[in-house]
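Enquirer: Got a structure here, written out as structure tokens. Questions coming.
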Amino acid sequence: MSSTSLTHRYWGSHGPETWWLYSNGILWSLQPCLSDSSVYYGVYSHVSVTARYTMESTAYYMAILSVVTMWFLLTGELLKMLNKFYKRNEIQKIAADQGLDARLFHQAFISFRKYVLEISTLSADLHIILNDICCGAGHIDDLYPYFMRHAKQIFPMLDCMEDLRKISDLRVPANWYPEARAIQRKVIFHAGPTNSGKTHHAIQRYLAAKSGVYCGPLKLLAHEIFEKSNTAGVPCDLVTGEERTFVDAEKRQAEHVACTIEMCSVTTPYEVAVIDEIQMIRDISRGWAWTRALLGLCAEEIHVCGEPAAINFVTELMYTTGEEVEVRNYKRLTPCSILDHAVESLDNLRPGDCIVCFSKNDIYSISRQIEIRGLECAVIYGSLPPGTKLSQAKKFNDPEDPCKILVATDAIGMGLNLSIKRIIFNSLVKPNINEKGEKELDTISTSQALQIAGRAGRFSSIFKEGEVTTMHRDDLPILKEILSRTVHAIEIAGLHPTAEQIEMFAYHLPDATLSNLIDIFVSLSQVDGMYFVCNIDDFKFLADMIQHIPLNLRSRYVFCTAPINKKQPFVCTSFLKFARQFSRDEPLTFDWVCRLVSWPLVPPKNIKDLVSSHNLIQQELDSIIQLGVRNITRLIRATETSATPGTDPLSNQRRPGPSPVSPRKFRGAPKAHDSGVEAGQLDKSLGSRLVQEGLLTPDLLRQLQKEWSKEHRQEEVGVKLVAETLNNKLKGRKKK
């Protein structure tokens with residue numbers, strides 16, 4: 001029996017009125033309105049024109065009631081049918097063979113179900129299949145061809161799946177670099193703990209070569225090698241994600257270059273290449289850069305520096321390229337011991353101490369408490385500009401400088417030569433990014449702990465032995481247990497889709513966005529046990545941000561690799577403006593950048609401005625921040641003294657004449673009985689309000705005044721002259 005006759009029999013069994021509606025093509029036209037809450041009004045509007053004058057009134061309303069009741073029953077049955085189709089393992093396996101993995105299969109089914117239940121007019125063939133399945137004349141698997149037809153409409157890559165799978169095959173990344181495979185490279189692994197001289201030996205070979213490239217994990221390290229090379233008489237350029245410096249006045253490239261590892265060239269030939277901190281090849285976000293450098297650099301000698309835990313993996317990785325690895329082991333040059341007691345209090349700090357924190361808030365809090373105790377401290381954390389880090393390190397290392405305490409994050413673990421006697425862990429918990437790109441808190445690993453602890457007692461510093469401990473007593477046994485563990489061997493390396501691979505994807509999927517191309521690439525990518533695909537959330541974030549800007553795919557890809565902080569609105573806005581300017585084929589000149597950032601910058605007047613300035617321009621930033629801090633200090637001082645006579649709030653300074661509030665009384669101003677200021681006046685001052693709101697402590701307020709008096713005593717004469725000039729101008733205006 002044909003499907004048509006079965007369909008006729010199915011609808012005819014529901015009564016003459018329903019059969020009349022079916023035979024006249026009205027039943028399925030009722031679908032959109034019957035799924036609406038205003039069922040009867042919808043049915044009335046669809047049926048009345050055709051049936052009102054054709055059937056008796058009673059039969060007409062009976063037909064409406066029959067159709068409404070039946071449709072609700074059929075909708076429930078249809079939903080059960082579709083869900084049964086979704087749960088069939090055979091269907092999922094067949095769909096997987098066609099390129100629909102579990103995630104894509106689920107998305108395709110949700111769209112297909114919505115299409116079947118909500119579309120106003122179903123295609124005739126799908127309409128008949130659904131009817132046959134409802135009547136028992138068809139099988140649930142008969143929906144598969146229609147499901148796949150719908151899936152290919154929302155996932156166009158299913159039509160070219162085989163080609164896309166070949167492009168996204170990441171199992172042999174060594175073949176991506178034909179220039180490197182064309183030469184026989186010599187790989188030398190310098191293995192050892194922190195402060196063992198492994199990087200020093202590699203750099204000596206780098207300096208002796210005719211040409212070379214240094215690839216480091218930090219801008220600071222690249223800058224250090226850049227300066228060391230040029231100081232040694234070896235012309236060297238600097239290339240990072242933020243700057244490019246040529247030593248040649250005519251911008252000709254030098255034979256040596258120091259760069260961050262993401263910026264190294266895999267097509268330029270060198271005699272020697274140095275890859276520092278190779279253990280970061282397993283980093284979830286940046287590991288791909290070490291894999292690319294190790295497999296792709298065109299150098300006769302590759303000097304790899306890092307932890308011994310990476311030796312076996314690098315050897316196995318080089319086996320896939322047909323290259324042997326020579327291992328040179330190094331031992332620590334100075335002893336380092338774990339103390340049996342914790343520091344417990346900042347009062348127990350000694351010269352040469354470094355307190356390691358894992359958050360900026362802890363750094364600010366601890367450095368403030370140290371300064372309250374009358375001690376000077378240097379501060380170093382990751383997002384500081386390289387110049388600021390170097391100046392803070394120089395201040396701490398200078399034996400003539402009174403600054404003998406350092407407060408830092410784990411940024412000191414790589415790249416800074418510091419005269420540290422004792423490393424003090426303020427905490428052993430650090431925020432990390434997991435494989436899903438989510439932030440989570442976790443205890444530091446043995447590798448991280450050894451990297452940081454190894455900074456104590458560095459060779460060539462004034463301290464010949466290093467010590468390690470914790471700030472809190474309860475953390476000390478945990479630290480000892482962490483340091484006693486064996487470092488986990490590295491077993492996996494990160495990968496990232498290349499621009500060439502994404503361009504080939506775009507050839508098959510010309511209408512897909514860059515973000516979608518990346519998603520499809522990752523979902524189809526095949527890797528073996530030695531590799532994984534790195535987290536690409538930041539890349540996709542930038543791709544979505546500039547999707548509306550007309551750019552060719554290669555330029556769009558390059559823009560999305562920019563090392564910007566997506567949490568900074570100003571930086572994101574500037575990124576958009578750069579992309580838009582480039583898309584218009586207009587020059588990115590120095591004057592244009594100055595207009596973009598409103599250069600020269602106005603000295604910050606509050607903390608918010610200070611933080612914004614910190615993230616804008618690195619050069620000349622330190623002096624601007626210092627000026628901003630002075631303004632803030634003067635503001636507090638002026639508002640405190642404005643409650644008493646003899647002050648001029650317009651100048652933010654004391655008048656030239658003597659003031660009834662002496663510096664000593666000012667430092668005690670938060671206490672009314674110490675300063676002699678009435679409570680009403682005290683409450684009106686900015687400093688007092690900050691104290692009352694918990695933003696400042698009385699001790700910190702006194703310390704601010706002490707520092708201001710100490711640092712600005714020499715400026716007092718100039719400030720008084722400015723104040724007198726302002727007062728004279730005001731008096732002159734009053735006379736006029």
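Starting from 1 in every chain, residues are counted up; chains themselves are A, B, ... following the order of the structure tokens, and ligands are numbered from 1 as listed.
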Using only C-alpha atoms, which residues sit within 9 Å of Gln98 in chain A once same-chain residues fewer than 4 positions away are excluded, as a PyMOL selection string?
Expert: chain A and resi 93-94+148+158-159+161
Enquirer: Excluding Arg171 in chain A and residues on its chain fewer than 5 positions from it, collect all residues at most 10 Å away from it, counting only C-alpha atoms, and give them as a PyMOL selection string.
Expert: chain A and resi 525-532
Enquirer: For Asn83 in chain A, work out the shell of residues within 12 Å, counting only C-alpha atoms and skipping chain neighbours fewer than 6 positions away, then give it as an mmCIF file with C-alpha atoms, in the first residue's frame.
Expert:
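In the end it all went to around-v9.cif:
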data_model
loop_
_atom_site.group_PDB
_atom_site.id
_atom_site.type_symbol
_atom_site.label_atom_id
_atom_site.label_comp_id
_atom_site.auth_asym_id
_atom_site.auth_seq_id
_atom_site.Cartn_x
_atom_site.Cartn_y
_atom_site.Cartn_z
ATOM 1 C CA GLY A 76 3.387 15.461 21.612
ATOM 2 C CA GLU A 77 3.744 12.318 19.502
ATOM 3 C CA ILE A 91 22.116 7.326 14.018
ATOM 4 C CA HIS A 106 23.401 17.897 19.232
ATOM 5 C CA PHE A 109 19.282 18.044 16.097
ATOM 6 C CA ILE A 110 18.101 21.048 18.108
ATOM 7 C CA PHE A 112 16.117 20.192 13.033
ATOM 8 C CA ARG A 113 13.570 19.693 15.806
ATOM 9 C CA LYS A 114 12.778 23.386 15.856
ATOM 10 C CA ILE A 140 12.251 6.209 12.693
ATOM 11 C CA LEU A 143 14.299 10.649 9.041
#
Enquirer: Env of range 212-220 of chain A: 7 Å cut, atoms = only C-alpha atoms, seq-sep filter 3 positions within chain, self excluded. Answer as a PyMOL selection string.
Expert: chain A and resi 206+209+223-224+240+255-261+264+270-276+386+415
Enquirer: Could you write out that same residue set with C-alpha atoms as a PDB file, in the first residue's frame?
Expert:
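The new file result.pdb reads:
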ATOM      1  CA  TYR A 206      75.128  32.517  20.452  1.00  0.00           C
ATOM      2  CA  ALA A 209      78.250  32.709  16.044  1.00  0.00           C
ATOM      3  CA  HIS A 223      65.655  42.895  26.264  1.00  0.00           C
ATOM      4  CA  GLU A 224      68.405  41.543  28.528  1.00  0.00           C
ATOM      5  CA  THR A 240      58.788  41.571  20.605  1.00  0.00           C
ATOM      6  CA  GLU A 255      72.802  39.193  11.991  1.00  0.00           C
ATOM      7  CA  HIS A 256      71.666  38.590  15.576  1.00  0.00           C
ATOM      8  CA  VAL A 257      68.187  39.114  16.976  1.00  0.00           C
ATOM      9  CA  ALA A 258      66.687  38.717  20.444  1.00  0.00           C
ATOM     10  CA  CYS A 259      62.941  38.139  20.428  1.00  0.00           C
ATOM     11  CA  THR A 260      60.022  36.774  22.352  1.00  0.00           C
ATOM     12  CA  ILE A 261      59.415  33.253  21.158  1.00  0.00           C
ATOM     13  CA  CYS A 264      60.790  34.301  15.877  1.00  0.00           C
ATOM     14  CA  TYR A 270      70.796  31.309  11.333  1.00  0.00           C
ATOM     15  CA  GLU A 271      73.968  29.645  12.511  1.00  0.00           C
ATOM     16  CA  VAL A 272      72.787  29.344  16.140  1.00  0.00           C
ATOM     17  CA  ALA A 273      69.360  29.503  17.768  1.00  0.00           C
ATOM     18  CA  VAL A 274      68.693  29.516  21.512  1.00  0.00           C
ATOM     19  CA  ILE A 275      65.293  28.401  22.842  1.00  0.00           C
ATOM     20  CA  ASP A 276      64.953  29.280  26.520  1.00  0.00           C
ATOM     21  CA  PRO A 386      60.048  46.120  31.228  1.00  0.00           C
ATOM     22  CA  GLY A 415      64.686  36.566  33.540  1.00  0.00           C
TER      23      GLY A 415
END
Enquirer: Might you pull out every residue within 12 Å of range 312-323 of chain A, with only C-alpha atoms counted and same-chain residues fewer than 3 positions away left off, and present them as a PyMOL selection string?
Expert: chain A and resi 171-178+180-191+278-282+290-292+294-296+300-309+326-327+488-493+529-531
Enquirer: Check the smallest atom-to-atom distance from each of A:Glu242, A:Thr409, A:Leu418, A:Leu479 to Lys394 in chain A using only C-alpha atoms, then report the winner.
Expert: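 Ranked by minimum distance to Lys394 in chain A, first place goes to A:Leu418.
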